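Next comes protein13.tsv, a file with TSV, C-alpha atoms.
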chain	number	residue	atom	x	y	z
A	203	MET	CA	63.34	22.38	-61.40
A	204	ILE	CA	64.68	23.47	-64.78
A	205	ILE	CA	61.43	24.96	-66.10
A	206	GLU	CA	60.55	28.43	-64.91
A	207	ILE	CA	57.05	28.53	-63.46
A	208	PRO	CA	55.40	31.96	-63.20
A	209	GLU	CA	54.51	33.01	-59.69
A	210	GLY	CA	51.09	31.78	-58.68
A	211	GLU	CA	51.00	28.96	-61.26
A	212	GLU	CA	50.82	25.29	-60.33
A	213	PRO	CA	53.77	23.50	-62.00
A	214	ILE	CA	52.04	20.45	-63.52
A	215	PRO	CA	49.02	22.25	-65.01
A	216	TYR	CA	51.27	25.04	-66.26
A	217	VAL	CA	53.83	22.80	-67.96
A	218	TRP	CA	51.41	20.18	-69.27
A	219	GLY	CA	48.52	22.52	-70.06
A	220	ASP	CA	49.70	26.06	-70.67
A	221	MET	CA	53.12	25.47	-72.22
A	222	VAL	CA	52.18	22.71	-74.68
A	223	PRO	CA	48.37	22.45	-74.64
A	224	GLY	CA	48.08	20.37	-77.80
A	225	ILE	CA	50.51	17.74	-76.54
A	226	GLY	CA	50.09	18.11	-72.79
A	227	MET	CA	46.33	17.68	-72.72
A	228	ALA	CA	46.54	14.57	-74.92
A	229	ALA	CA	49.27	13.17	-72.65
A	230	ALA	CA	47.23	13.97	-69.55
A	231	ASN	CA	44.18	12.25	-71.03
A	232	PHE	CA	46.25	9.17	-71.84
A	233	SER	CA	47.73	9.17	-68.35
A	234	LEU	CA	44.28	9.44	-66.76
A	235	ALA	CA	42.83	6.75	-69.05
A	236	VAL	CA	45.34	4.22	-67.73
A	237	TYR	CA	43.77	4.61	-64.28
A	238	ALA	CA	40.15	5.10	-65.31
A	239	HIS	CA	39.89	2.16	-67.70
A	240	THR	CA	42.19	-0.49	-66.31
A	241	THR	CA	40.91	-4.03	-66.16
A	242	LEU	CA	44.00	-5.25	-64.31
A	243	GLY	CA	43.89	-6.19	-60.65
A	244	LEU	CA	45.18	-3.64	-58.16
A	245	ARG	CA	48.25	-5.65	-57.11
A	246	GLU	CA	49.62	-6.28	-60.61
A	247	PHE	CA	48.76	-2.70	-61.66
A	248	GLU	CA	50.60	-1.25	-58.65
A	249	ALA	CA	53.53	-3.67	-58.94
A	250	ALA	CA	54.21	-2.49	-62.49
A	251	ARG	CA	53.53	1.18	-61.70
A	252	LEU	CA	55.71	1.24	-58.60
A	253	ARG	CA	58.56	-0.61	-60.33
A	254	ILE	CA	58.59	2.08	-63.02
A	255	ALA	CA	58.44	4.79	-60.33
A	256	GLN	CA	61.45	3.19	-58.63
A	257	ILE	CA	63.38	3.06	-61.89
A	258	ASN	CA	62.42	6.61	-62.88
A	259	GLY	CA	63.08	7.99	-59.41
A	260	CYS	CA	59.93	10.10	-59.65
A	261	VAL	CA	59.27	11.38	-56.14
A	262	PHE	CA	55.57	11.99	-56.79
A	263	CYS	CA	55.05	8.57	-58.38
A	264	LEU	CA	56.82	6.84	-55.50
A	265	ASP	CA	54.48	8.52	-53.00
A	266	TRP	CA	51.30	7.86	-55.01
A	267	ARG	CA	49.11	4.84	-54.22
A	268	THR	CA	46.44	3.86	-56.69
A	269	GLU	CA	43.01	3.22	-55.25
A	270	LYS	CA	40.70	0.74	-56.93
A	271	ASP	CA	37.20	-0.04	-55.66
A	272	GLY	CA	38.04	1.72	-52.39
A	273	GLU	CA	41.18	-0.36	-51.77
A	274	LYS	CA	44.90	0.36	-51.83
A	275	VAL	CA	47.87	-1.95	-51.51
A	276	GLU	CA	49.37	-2.46	-48.08
A	277	ASP	CA	52.02	-0.04	-46.76
A	278	THR	CA	54.79	-2.63	-47.21
A	279	PHE	CA	53.98	-3.18	-50.89
A	280	PRO	CA	56.69	-0.82	-52.26
A	281	GLU	CA	59.38	-2.81	-50.46
A	282	ALA	CA	57.97	-6.01	-51.92
A	283	VAL	CA	58.13	-4.45	-55.39
A	284	THR	CA	61.81	-3.69	-54.84
A	285	GLU	CA	62.30	-7.36	-53.93
A	286	TRP	CA	59.95	-8.71	-56.62
A	287	ARG	CA	62.26	-11.62	-57.44
A	288	THR	CA	62.23	-13.08	-53.93
A	289	THR	CA	59.25	-11.69	-52.04
A	290	SER	CA	56.79	-14.25	-50.72
A	291	VAL	CA	53.83	-11.84	-50.85
A	292	PHE	CA	53.43	-11.81	-54.65
A	293	ASP	CA	51.51	-14.28	-56.73
A	294	ASP	CA	52.74	-15.14	-60.24
A	295	ARG	CA	50.79	-12.35	-61.96
A	296	THR	CA	52.05	-9.67	-59.58
A	297	ARG	CA	55.64	-10.87	-59.82
A	298	LEU	CA	55.42	-10.95	-63.63
A	299	ALA	CA	53.98	-7.42	-63.70
A	300	ALA	CA	56.97	-6.10	-61.73
A	301	GLU	CA	59.40	-8.09	-63.87
A	302	TYR	CA	57.78	-6.90	-67.10
A	303	ALA	CA	57.89	-3.28	-65.96
A	304	GLU	CA	61.58	-3.56	-65.10
A	305	ARG	CA	62.53	-5.31	-68.31
A	306	TYR	CA	60.33	-2.97	-70.41
A	307	ALA	CA	62.20	0.01	-68.93
A	308	LEU	CA	65.73	-1.38	-68.76
A	309	ASP	CA	66.10	-4.39	-71.03
A	310	HIS	CA	63.29	-4.47	-73.61
A	311	HIS	CA	65.55	-5.91	-76.32
A	312	ASN	CA	65.88	-9.09	-74.28
A	313	LEU	CA	62.23	-9.94	-73.72
A	314	ASP	CA	62.75	-13.47	-74.97
A	315	ASP	CA	60.49	-16.40	-75.80
A	316	ALA	CA	60.86	-17.85	-72.30
A	317	PHE	CA	59.59	-14.60	-70.77
A	318	TRP	CA	56.64	-14.40	-73.18
A	319	GLU	CA	55.78	-18.02	-72.48
A	320	ARG	CA	55.49	-17.17	-68.78
A	321	MET	CA	53.53	-14.00	-69.50
A	322	THR	CA	51.01	-15.66	-71.80
A	323	ALA	CA	50.49	-18.41	-69.24
A	324	HIS	CA	49.19	-15.78	-66.78
A	325	TYR	CA	47.95	-12.85	-68.88
A	326	SER	CA	45.61	-12.66	-71.86
A	327	GLN	CA	46.72	-10.82	-74.98
A	328	VAL	CA	44.40	-7.95	-74.09
A	329	GLU	CA	45.92	-7.72	-70.60
A	330	ILE	CA	49.45	-7.74	-72.06
A	331	VAL	CA	48.58	-4.85	-74.37
A	332	GLU	CA	46.93	-2.95	-71.52
A	333	LEU	CA	49.89	-3.53	-69.20
A	334	SER	CA	52.30	-2.49	-71.98
A	335	MET	CA	50.43	0.76	-72.61
A	336	SER	CA	50.23	1.48	-68.89
A	337	ILE	CA	53.94	0.86	-68.40
A	338	GLY	CA	54.70	3.08	-71.40
A	339	SER	CA	52.63	5.87	-69.89
A	340	TRP	CA	54.30	5.64	-66.49
A	341	LEU	CA	57.76	5.37	-67.99
A	342	ALA	CA	57.28	8.40	-70.24
A	343	PHE	CA	55.40	10.74	-67.95
A	344	GLY	CA	57.09	9.83	-64.67
A	345	ARG	CA	60.46	10.24	-66.33
A	346	LEU	CA	59.39	13.53	-67.95
A	347	ASN	CA	58.29	14.92	-64.58
A	348	HIS	CA	61.49	13.75	-62.90
A	349	VAL	CA	63.83	15.04	-65.62
A	350	LEU	CA	62.16	18.46	-65.59
A	351	GLY	CA	62.11	18.51	-61.79
A	352	LEU	CA	58.34	18.66	-61.62
A	353	ASP	CA	58.11	15.59	-59.37
A	354	SER	CA	59.64	17.51	-56.49
A	355	VAL	CA	56.91	20.16	-56.57
A	356	CYS	CA	53.87	17.94	-57.25
A	357	VAL	CA	51.42	17.76	-54.41
A	358	LEU	CA	49.35	14.68	-53.71
A	359	PRO	CA	45.64	15.45	-53.69
A	360	LYS	CA	44.05	15.65	-50.24
A	361	VAL	CA	41.89	12.61	-49.49
Show this structure as structure tokens.
Amino acid sequence: MIIEIPEGEEPIPYVWGDMVPGIGMAAANFSLAVYAHTTLGLREFEAARLRIAQINGCVFCLDWRTEKDGEKVEDTFPEAVTEWRTTSVFDDRTRLAAEYAERYALDHHNLDDAFWERMTAHYSQVEIVELSMSIGSWLAFGRLNHVLGLDSVCVLPKV
């Protein structure tokens, strides 16, 4: 970790809250809103989120599993996300969510008409905006935590 955390302080609350409260609290609220207000199905939400976690290399994000209505994706889901192009366990929406996340993070200049034609065949405009904002949140904050080394000291909440 490249940020010095005072003894007795929890890394995430200290960095996000104490060090830059005006920015960190707004970022935290945005990050939480993505989970609290999503209208997307669990599988497409997690496919996009996990693909960004894989790209970012965020240890915490890779370990996290989103719960929606008391359900989580199956234990083999992360491997399917890695193989989003060929896996047989994804429907079109889930596959597109993983593809969009990857291209958003690595190749956003080449989101061409053919891609958008496929996306708009399966997602409404509102869902595309929501997915885009969610991906942006995960890309920014997962990458921030990984770059600063915070992902290695995050602790998953006890269930």
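Of the residues listed (A:His239, A:Pro208, A:Cys260, A:Glu246), A:Cys260 shows the shortest atom-to-atom separation from Leu346 of chain A; distances use all atoms listed in the file.
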Can you tell me, as a PyMOL selection string, what residues are no more than 7 Å from Gly344 of chain A when counting only C-alpha atoms, ignoring any on the same chain fewer than 2 positions away? chain A and resi 255+258+260+263+340-342+346-348
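Of the residues under consideration (A:Ala250, A:Met227, A:Asp293, A:Tyr302), A:Tyr302 shows the shortest atom-to-atom contact distance to Asp314 of chain A when counting all atoms listed in the file.
For the choices A:Ile205, A:Arg245, A:Ser233, A:Arg320, the atom-to-atom distance to Val291 of chain A is smallest for A:Arg245 when using all atoms listed in the file.
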Shortest contact to Thr241 of chain A, candidates A:Glu329, A:Glu301, A:Glu281, A:Glu319, atoms counted only C-alpha atoms, goes to A:Glu329
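Straight-line separation from atom CA of Ala228 of chain A to atom CA of Ile207 of chain A: 20.9 Å.
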Between atom CA of Ala235 of chain A and atom CA of Ile204 of chain A, what distance in Å does the model show, to one decimal? 27.8 Å
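Using all atoms listed in the file, the nearest neighbour of Phe247 of chain A within the list A:Thr288, A:Asn231, A:Thr278, A:Thr296 is A:Thr296.
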